[in-house]
>>> print(open('my_file.cif').read())   # mmCIF, C-alpha atoms
data_data
loop_
_atom_site.label_atom_id
_atom_site.label_comp_id
_atom_site.auth_asym_id
_atom_site.auth_seq_id
_atom_site.Cartn_x
_atom_site.Cartn_y
_atom_site.Cartn_z
CA MET A 299 49.77 25.19 31.62
CA THR A 300 48.36 21.66 31.54
CA ARG A 301 50.52 18.57 31.40
CA TRP A 302 49.58 18.05 27.76
CA GLU A 303 50.54 21.61 26.88
CA TYR A 304 53.85 21.08 28.65
CA THR A 305 54.83 18.00 26.64
CA ASP A 306 53.58 19.62 23.44
CA ARG A 307 55.84 22.61 24.06
CA VAL A 308 58.84 20.41 24.74
CA LEU A 309 58.21 18.39 21.60
CA SER A 310 57.59 21.43 19.42
CA GLY A 311 61.28 22.34 19.69
CA LEU A 312 62.69 18.89 19.00
CA ARG A 313 63.56 19.31 15.36
CA ARG A 314 66.50 16.92 15.29
CA LEU A 315 64.58 13.89 16.50
CA THR A 316 62.87 11.31 14.37
CA GLY A 317 59.17 10.61 14.85
CA PRO A 318 59.68 7.53 17.06
CA GLU A 319 62.26 9.39 19.15
CA ARG A 320 59.85 12.27 19.69
CA GLU A 321 57.11 9.89 20.77
CA ALA A 322 59.52 8.17 23.16
CA VAL A 323 60.33 11.54 24.73
CA ARG A 324 56.63 12.33 25.04
CA ALA A 325 55.92 8.98 26.71
CA GLU A 326 58.83 9.43 29.12
CA LEU A 327 57.77 12.96 30.14
CA ASP A 328 54.12 11.88 30.43
CA ALA A 329 55.10 9.02 32.72
CA HIS A 330 57.21 11.35 34.86
CA ILE A 331 54.40 13.89 35.20
CA GLU A 332 51.92 11.14 35.97
CA ASP A 333 54.18 9.77 38.72
CA HIS A 334 54.61 13.20 40.26
CA ILE A 335 50.89 14.00 40.18
CA CYS A 336 50.05 10.62 41.74
CA ASP A 337 52.50 11.26 44.58
CA LEU A 338 50.91 14.64 45.26
CA LEU A 339 47.41 13.14 45.13
CA ASP A 340 48.56 10.60 47.74
CA LEU A 341 49.63 13.53 49.90
CA GLY A 342 46.09 14.93 49.74
CA TYR A 343 46.42 17.48 46.94
CA ASP A 344 43.41 17.91 44.69
CA GLU A 345 43.92 17.05 41.07
CA GLU A 346 44.17 20.61 39.75
CA LEU A 347 46.68 21.73 42.36
CA ALA A 348 48.71 18.53 41.93
CA GLU A 349 49.04 19.22 38.20
CA GLU A 350 49.92 22.87 38.79
CA ARG A 351 52.64 22.01 41.31
CA THR A 352 54.02 19.32 39.05
CA MET A 353 54.26 21.73 36.14
CA GLN A 354 56.15 24.17 38.36
CA ARG A 355 58.61 21.44 39.28
CA MET A 356 59.15 20.37 35.67
CA GLY A 357 60.72 23.68 34.71
CA ASP A 358 60.68 25.72 31.52
CA PRO A 359 59.61 23.48 28.59
CA ALA A 360 61.60 25.63 26.16
CA GLU A 361 64.78 25.02 28.15
CA VAL A 362 64.12 21.28 28.36
CA SER A 363 63.47 21.22 24.63
CA ARG A 364 66.63 23.20 23.86
CA GLU A 365 68.80 20.97 26.05
CA LEU A 366 67.27 17.80 24.61
CA ASN A 367 68.01 19.02 21.10
CA LYS A 368 71.67 19.39 22.02
CA GLN A 369 71.79 15.68 22.76
CA TYR A 370 70.80 14.91 19.18
CA PRO A 371 73.46 16.62 17.03
CA LEU A 372 72.74 17.31 13.39
CA ARG A 373 75.18 14.65 12.22
CA TRP A 374 73.19 11.99 14.04
CA MET A 375 70.02 13.16 12.38
CA LEU A 376 71.70 13.06 8.98
CA LEU A 377 73.05 9.60 9.74
CA LYS A 378 69.58 8.43 10.72
CA TRP A 379 68.06 9.89 7.58
CA ALA A 380 70.74 8.26 5.45
CA THR A 381 70.15 4.94 7.18
CA MET A 382 66.42 5.23 6.66
CA ALA A 383 66.92 6.17 3.01
CA VAL A 384 69.20 3.20 2.37
CA THR A 385 66.77 0.88 4.15
CA ALA A 386 63.87 2.24 2.12
CA ALA A 387 65.88 1.90 -1.09
CA LEU A 388 66.77 -1.69 -0.25
CA ALA A 389 63.15 -2.52 0.51
CA LEU A 390 62.05 -0.86 -2.72
CA MET A 391 64.66 -2.75 -4.71
CA LEU A 392 63.55 -6.04 -3.20
CA LEU A 393 59.91 -5.30 -3.87
CA THR A 394 60.43 -4.12 -7.42
CA GLN A 395 63.26 -6.54 -8.24
CA VAL A 396 65.44 -3.65 -9.34
CA GLU A 397 69.02 -4.75 -9.86
CA TRP A 398 71.95 -3.62 -7.73
CA GLY A 399 73.74 -2.87 -10.95
CA VAL A 400 71.40 0.00 -11.77
CA VAL A 401 72.09 1.70 -8.47
CA LYS A 402 75.79 1.03 -8.78
CA GLU A 403 75.94 2.42 -12.30
CA ASN A 404 74.17 5.61 -11.34
CA LEU A 405 76.35 6.10 -8.29
CA MET A 406 79.45 5.44 -10.36
CA ALA A 407 78.22 7.84 -13.01
CA ARG A 408 77.63 10.46 -10.33
CA PHE A 409 80.94 10.14 -8.51
CA TRP A 410 83.30 8.66 -11.13
CA PRO A 411 81.86 9.97 -14.38
CA SER A 412 85.07 9.33 -16.30
CA ARG A 413 84.50 5.61 -16.06
CA TRP A 414 80.76 5.22 -16.33
CA TYR A 415 77.93 6.78 -18.26
CA THR A 416 74.30 6.98 -17.35
CA TYR A 417 71.66 6.27 -19.91
CA GLU A 418 70.68 9.93 -20.06
CA GLU A 419 74.23 11.14 -20.55
CA THR A 420 74.91 8.66 -23.30
CA TYR A 421 71.65 9.27 -25.07
CA GLU A 422 72.16 13.01 -24.98
CA PHE A 423 75.67 12.46 -26.22
CA LEU A 424 74.33 10.49 -29.18
CA ASP A 425 71.77 13.08 -30.24
CA GLY A 426 71.00 11.33 -33.50
CA ASP A 427 68.47 9.22 -35.34
CA ASP A 428 68.20 5.56 -34.55
CA THR A 429 69.23 2.86 -36.94
CA ASP A 430 67.23 -0.32 -37.20
CA ILE A 431 69.63 -3.22 -37.38
CA ARG A 432 68.35 -6.38 -35.73
CA VAL A 433 70.47 -9.15 -34.29
CA GLU A 434 69.15 -12.56 -33.38
CA ILE A 435 70.12 -13.87 -29.97
CA GLY A 436 68.48 -17.27 -29.76
CA THR A 437 64.76 -16.63 -29.92
CA THR A 438 65.15 -12.97 -29.05
CA THR A 439 65.91 -10.10 -31.35
CA VAL A 440 68.16 -7.33 -30.17
CA ARG A 441 67.84 -4.09 -32.03
CA VAL A 442 70.88 -1.96 -32.71
CA CYS A 443 69.12 1.34 -32.48
CA ALA A 444 71.98 3.78 -32.86
CA ALA A 445 75.53 3.74 -34.16
CA ARG A 446 77.03 7.17 -34.31
CA VAL A 447 80.50 8.60 -34.65
CA THR A 448 81.67 11.41 -32.46
CA GLU A 449 84.92 13.29 -32.09
CA ILE A 450 86.47 13.04 -28.66
CA GLN A 451 86.75 16.50 -27.15
CA PRO A 452 89.80 17.28 -24.97
CA GLY A 453 89.10 17.42 -21.26
CA THR A 454 85.97 15.27 -21.44
CA ASN A 455 85.33 11.96 -19.80
CA LEU A 456 85.79 10.23 -23.12
CA ALA A 457 89.21 11.82 -23.54
CA GLU A 458 90.21 10.34 -20.18
CA LEU A 459 88.85 6.97 -21.13
CA PHE A 460 90.44 6.90 -24.59
CA PRO A 461 93.50 9.16 -24.31
CA GLU A 462 95.11 7.96 -27.56
CA GLU A 463 92.01 8.17 -29.75
CA ARG A 464 90.26 10.89 -31.70
CA TYR A 465 87.02 9.31 -32.95
CA LEU A 466 84.60 7.05 -31.20
CA ALA A 467 81.72 4.91 -32.41
CA VAL A 468 78.82 4.72 -30.01
CA VAL A 469 76.59 1.69 -30.48
CA VAL A 470 73.32 1.36 -28.64
CA THR A 471 71.38 -1.90 -28.54
CA ARG A 472 68.00 -2.62 -27.03
CA PRO A 473 65.89 -5.75 -26.93
CA TYR A 474 63.22 -5.91 -29.58
CA ARG A 475 59.66 -6.80 -28.62
CA THR A 476 60.86 -8.41 -25.42
CA SER A 477 62.48 -7.60 -22.14
CA LEU A 478 66.06 -8.37 -21.34
CA TRP A 479 64.68 -10.24 -18.36
CA ASP A 480 63.42 -12.82 -20.84
CA LEU A 481 66.96 -13.48 -21.96
CA GLY A 482 67.89 -14.85 -18.57
CA TRP A 483 71.33 -14.33 -17.15
CA SER A 484 74.51 -14.69 -19.01
CA PRO A 485 77.05 -16.92 -17.24
CA GLU A 486 79.69 -14.25 -17.78
CA GLY A 487 77.61 -11.62 -16.07
CA ARG A 488 75.21 -8.99 -17.18
CA PHE A 489 77.39 -7.18 -19.69
CA LEU A 490 78.18 -8.50 -23.08
CA THR A 491 81.53 -10.14 -23.58
CA VAL A 492 83.15 -9.13 -26.83
CA SER A 493 85.55 -11.73 -28.17
CA GLY A 494 89.06 -10.60 -28.71
CA GLN A 495 88.27 -6.92 -28.38
CA GLN A 496 87.20 -6.65 -24.81
CA ASP A 497 89.81 -4.06 -23.93
CA ASN A 498 88.51 -1.73 -26.61
CA TRP A 499 84.88 -1.94 -25.64
CA THR A 500 83.00 -0.36 -22.80
CA ALA A 501 79.53 -1.60 -22.17
CA VAL A 502 77.25 0.12 -19.70
CA GLY A 503 73.52 0.34 -19.24
CA TYR A 504 70.80 -2.00 -18.22
CA GLN A 505 67.83 -2.54 -20.46
CA THR A 506 69.84 -0.69 -23.04
CA TRP A 507 73.46 -1.63 -23.71
CA TYR A 508 76.02 0.86 -24.88
CA TYR A 509 79.36 0.26 -26.50
CA LEU A 510 82.08 2.79 -27.05
CA LEU A 511 84.65 1.81 -29.66
CA PRO A 512 87.55 3.87 -31.00
CA VAL A 513 87.44 4.08 -34.80
CA ARG A 514 89.66 5.46 -37.58
CA PRO A 515 88.36 7.87 -40.21
CA GLU A 516 88.74 5.29 -42.97
CA GLU A 517 86.52 2.72 -41.27
CA THR A 518 83.01 2.53 -42.69
CA THR A 519 81.62 -0.14 -40.42
CA VAL A 520 82.07 -1.27 -36.85
CA ALA A 521 81.82 -5.01 -36.29
CA ALA A 522 81.13 -6.97 -33.15
CA SER A 523 81.40 -10.65 -32.44
CA TYR A 524 80.74 -12.09 -29.04
CA GLN A 525 79.04 -14.71 -26.91
CA GLU A 526 75.73 -13.70 -25.40
CA HIS A 527 73.65 -15.93 -23.16
CA GLY A 528 75.31 -18.94 -24.66
CA TYR A 529 74.77 -17.81 -28.25
CA ASP A 530 77.28 -16.60 -30.78
CA VAL A 531 76.35 -13.10 -31.82
CA SER A 532 77.89 -11.03 -34.55
CA PHE A 533 76.85 -7.93 -36.40
CA SER A 534 78.34 -5.24 -38.53
CA ILE A 535 77.04 -1.71 -38.32
CA PRO A 536 77.67 1.03 -40.88
CA LEU A 537 79.12 4.21 -39.46
CA ASP A 538 77.61 7.57 -40.32
CA TRP A 539 80.55 9.92 -40.53
CA GLY A 540 78.35 12.53 -42.12
CA ALA A 541 76.70 13.30 -38.82
CA LEU A 542 79.94 14.71 -37.45
CA PRO A 543 79.88 18.49 -37.13
CA MET B 103 92.98 21.24 38.85
CA LYS B 104 94.77 20.28 35.67
CA LYS B 105 92.39 17.54 34.67
CA LYS B 106 89.37 18.72 32.73
CA GLN B 107 86.00 17.63 34.03
CA ASN B 108 84.68 15.25 31.38
CA ILE B 109 81.16 15.08 32.70
CA GLU B 110 78.99 17.61 34.47
CA HIS B 111 78.18 17.34 38.12
CA THR B 112 74.53 16.47 37.42
CA GLN B 113 75.71 13.63 35.22
CA LEU B 114 78.00 12.46 37.99
CA LEU B 115 75.10 12.44 40.44
CA VAL B 116 72.94 10.47 38.02
CA LEU B 117 75.67 7.91 37.40
CA SER B 118 76.11 7.61 41.12
CA LEU B 119 72.40 6.95 41.61
CA LEU B 120 72.46 4.25 38.96
CA SER B 121 75.46 2.51 40.46
CA ASN B 122 73.20 0.71 42.94
CA GLU B 123 70.14 -0.05 40.88
CA ASP B 124 68.40 0.70 37.60
CA MET B 125 66.03 3.64 37.91
CA TYR B 126 63.49 5.62 35.92
CA GLY B 127 63.53 9.41 35.74
CA TYR B 128 61.06 10.33 38.43
CA GLN B 129 62.59 7.78 40.78
CA MET B 130 65.97 9.47 40.31
CA ILE B 131 64.53 12.88 41.16
CA VAL B 132 62.95 11.57 44.34
CA GLU B 133 66.04 9.64 45.33
CA LEU B 134 68.36 12.56 44.61
CA ALA B 135 66.28 14.87 46.79
CA ARG B 136 66.15 12.29 49.57
CA ARG B 137 69.84 11.49 49.58
CA SER B 138 70.87 15.15 49.44
CA ASP B 139 68.35 16.14 52.11
CA HIS B 140 66.57 18.22 49.43
CA THR B 141 69.74 20.13 48.53
CA PHE B 142 69.56 18.86 44.93
CA GLU B 143 66.07 19.65 43.76
CA MET B 144 66.59 20.27 40.08
CA LYS B 145 63.91 21.31 37.63
CA GLU B 146 62.70 17.86 36.86
CA GLY B 147 62.34 18.21 33.11
CA THR B 148 66.02 19.08 32.80
CA LEU B 149 66.93 15.60 34.02
CA TYR B 150 65.99 14.12 30.64
CA PRO B 151 68.53 15.98 28.51
CA VAL B 152 71.14 14.73 30.98
CA LEU B 153 69.89 11.14 30.73
CA HIS B 154 69.69 11.24 26.95
CA GLY B 155 73.19 12.67 26.78
CA LEU B 156 74.53 9.90 28.98
CA GLU B 157 72.74 7.34 26.84
CA LYS B 158 74.16 8.84 23.66
CA ASP B 159 77.67 8.69 25.14
CA GLY B 160 77.19 5.08 26.16
CA TYR B 161 77.37 5.69 29.90
CA VAL B 162 73.86 4.37 30.45
CA GLU B 163 71.45 2.25 28.46
CA ALA B 164 67.69 2.34 28.61
CA TYR B 165 64.98 -0.27 28.51
CA GLN B 166 61.22 -0.31 28.95
CA GLN B 167 59.58 -2.12 31.81
CA GLU B 168 55.99 -2.26 32.94
CA ALA B 169 55.28 -0.81 36.39
CA PRO B 170 52.92 -2.58 38.83
CA THR B 171 50.31 0.02 37.84
CA GLY B 172 50.54 -1.18 34.24
CA ARG B 173 52.29 1.96 33.06
CA MET B 174 55.39 1.53 30.90
CA ARG B 175 58.50 3.09 32.37
CA LYS B 176 61.86 3.77 30.83
CA TYR B 177 64.58 2.48 33.11
CA TYR B 178 68.23 3.46 32.87
CA HIS B 179 71.07 1.07 33.53
CA LEU B 180 74.70 1.97 34.19
CA THR B 181 76.98 0.47 31.55
CA ARG B 182 80.52 -0.73 32.10
CA LYS B 183 81.75 2.46 30.44
CA GLY B 184 79.49 4.49 32.72
CA GLY B 185 80.83 2.67 35.76
CA ALA B 186 84.40 3.41 34.75
CA ALA B 187 83.55 7.07 34.15
CA LEU B 188 81.84 7.28 37.52
CA LYS B 189 84.91 5.88 39.27
CA THR B 190 87.26 8.27 37.53
CA GLU B 191 85.07 11.35 37.96
CA ALA B 192 84.28 10.53 41.59
CA GLU B 193 88.00 10.35 42.33
CA THR B 194 88.52 13.64 40.53
CA TRP B 195 85.69 15.22 42.46
CA GLN B 196 87.06 13.96 45.77
CA SER B 197 90.45 15.35 44.92
CA TYR B 198 88.92 18.66 43.83
CA SER B 199 86.76 19.06 46.93
CA SER B 200 89.71 18.16 49.17
CA ALA B 201 91.79 20.84 47.51
CA VAL B 202 89.04 23.43 47.88
CA ASN B 203 88.59 22.51 51.54
CA ALA B 204 92.31 22.78 52.12
CA VAL B 205 92.35 26.28 50.65
CA LEU B 206 89.32 27.32 52.68
CA ARG B 207 90.82 25.94 55.87
CA SER B 208 93.97 27.94 55.32
CA SER B 209 92.04 31.18 54.75
CA ALA B 210 92.05 33.63 57.64
CA GLY B 211 88.69 34.18 59.29
CA LEU B 212 87.12 30.92 58.00
CA THR B 213 86.32 28.06 60.29
CA MET B 214 85.61 24.77 58.65
CA ALA B 215 83.19 22.35 60.21
#
>>> encode(input="my_file.cif", output="structure tokens")
Amino acid sequence: MTRWEYTDRVLSGLRRLTGPEREAVRAELDAHIEDHICDLLDLGYDEELAEERTMQRMGDPAEVSRELNKQYPLRWMLLKWATMAVTAALALMLLTQVEWGVVKENLMARFWPSRWYTYEETYEFLDGDDTDIRVEIGTTTVRVCAARVTEIQPGTNLAELFPEERYLAVVVTRPYRTSLWDLGWSPEGRFLTVSGQQDNWTAVGYQTWYYLLPVRPEETTVAASYQEHGYDVSFSIPLDWGALP
Amino acid sequence: MKKKQNIEHTQLLVLSLLSNEDMYGYQMIVELARRSDHTFEMKEGTLYPVLHGLEKDGYVEAYQQEAPTGRMRKYYHLTRKGGAALKTEAETWQSYSSAVNAVLRSSAGLTMA
């Protein structure tokens, strides 16, 4: 076995080490073998015999590999992977200017689904045709693209969120022919502030905003009035009770 | 002995070697063989799992340094935690070996040097 075969065999079993860690092990073993061979050459050994003797002294590469692996428990590998993933995510977010809020919303939706809704969940929940009501916010038009009524089913996230209610209006708004980036940042934060009714409204989403509002069967419209990016915004949206199953 | 050995004997020997100076792996092997009059001639590759374990536990820390030949070497340095462990384990070992010697001395037919 040559010195290169020896280090290759040790490294082949190191499955719990990251790439840089594996290369560090290779460099350390290479240096050790080199030192030992040089000492033997100084003693008058020829190169081939010096390498052979050194390999004998190094021991079984499989055993070295196995014992090295034990020093890198699985939890450390998982921790390293998690750290690398978070670092990569942070770098990606910085490069692409993705907002923290998006990550937070999706994590919240994953682990505390009773409080937050992802875009996909809400859109699937809507399952209806869009409306086309447009609301002026300064020079930008926001399109109210869906306003549907649904019955709150027991045991669902919505039932937890609105324990006293039976029906819910879901209103979806999206910017029209522009990006929400063009709106700038609202002093109150990213979500819309609904005057006087804030407790009743839940707004989630990013480029699309969602509102969940409890409604009574006799109500034919749902109205909103709020401040957005320094502008007064108000709209009234007809409710389509006929879409209820 | 009631007290459990926290570190292996090879680890204890390595910590002991590092108590005087920082060393790299091959240097430790040579020094260990010299100091033990070639009694401790371990399979050299198995030293590295021991070193990496000690590093993981915080008993030693490693750094790279260029040798006079231009080759980069990974040196190990005994940490404060490693020094404390060495002191404790050395005392335990002394106590253990004294107890074993005492038993051997009291055994019929054995003559201790």
>>> closest_residue(input="my_file.cif", among="B:Thr148, B:Thr112, B:Thr190, B:Thr141", to="chain A", atoms="all atoms listed in the file")
B:Thr148
>>> resolve_selection(input="my_file.cif", expression="the PyMOL selection byres ((chain A) within 6 of (chain B))", output="PyMOL selection string")
chain A and resi 330+355-357+362+365-366+369
>>> closest_residue(input="my_file.cif", among="A:Met382, A:Leu376, A:Leu341, A:Val308", to="Asp358 (chain A)", atoms="all atoms listed in the file")
A:Val308
>>> atom_distance(input="my_file.cif", atom1="CA of Arg320 (chain A)", atom2="CA of Met130 (chain B)")
21.7 Å
>>> atom_distance(input="my_file.cif", atom1="CA of Leu511 (chain A)", atom2="CA of Ala467 (chain A)")
5.1 Å
>>> resolve_selection(input="my_file.cif", expression="the PyMOL selection byres ((chain B and resi 117) around 9)", output="list in words")
Thr112, Gln113, Leu114, Leu115, Val116, Ser118, Leu119, Leu120, Ser121, Leu156, Tyr161, Val162, Leu180, Gly184, Gly185, Ala187 and Leu188 of chain B
>>> closest_residue(input="my_file.cif", among="A:Phe460, A:Ser534, A:Leu315, A:Leu466", to="Arg373 (chain A)", atoms="all atoms listed in the file")
A:Leu315
>>> atom_distance(input="my_file.cif", atom1="CA of Thr519 (chain A)", atom2="CA of Gly453 (chain A)")
27.0 Å
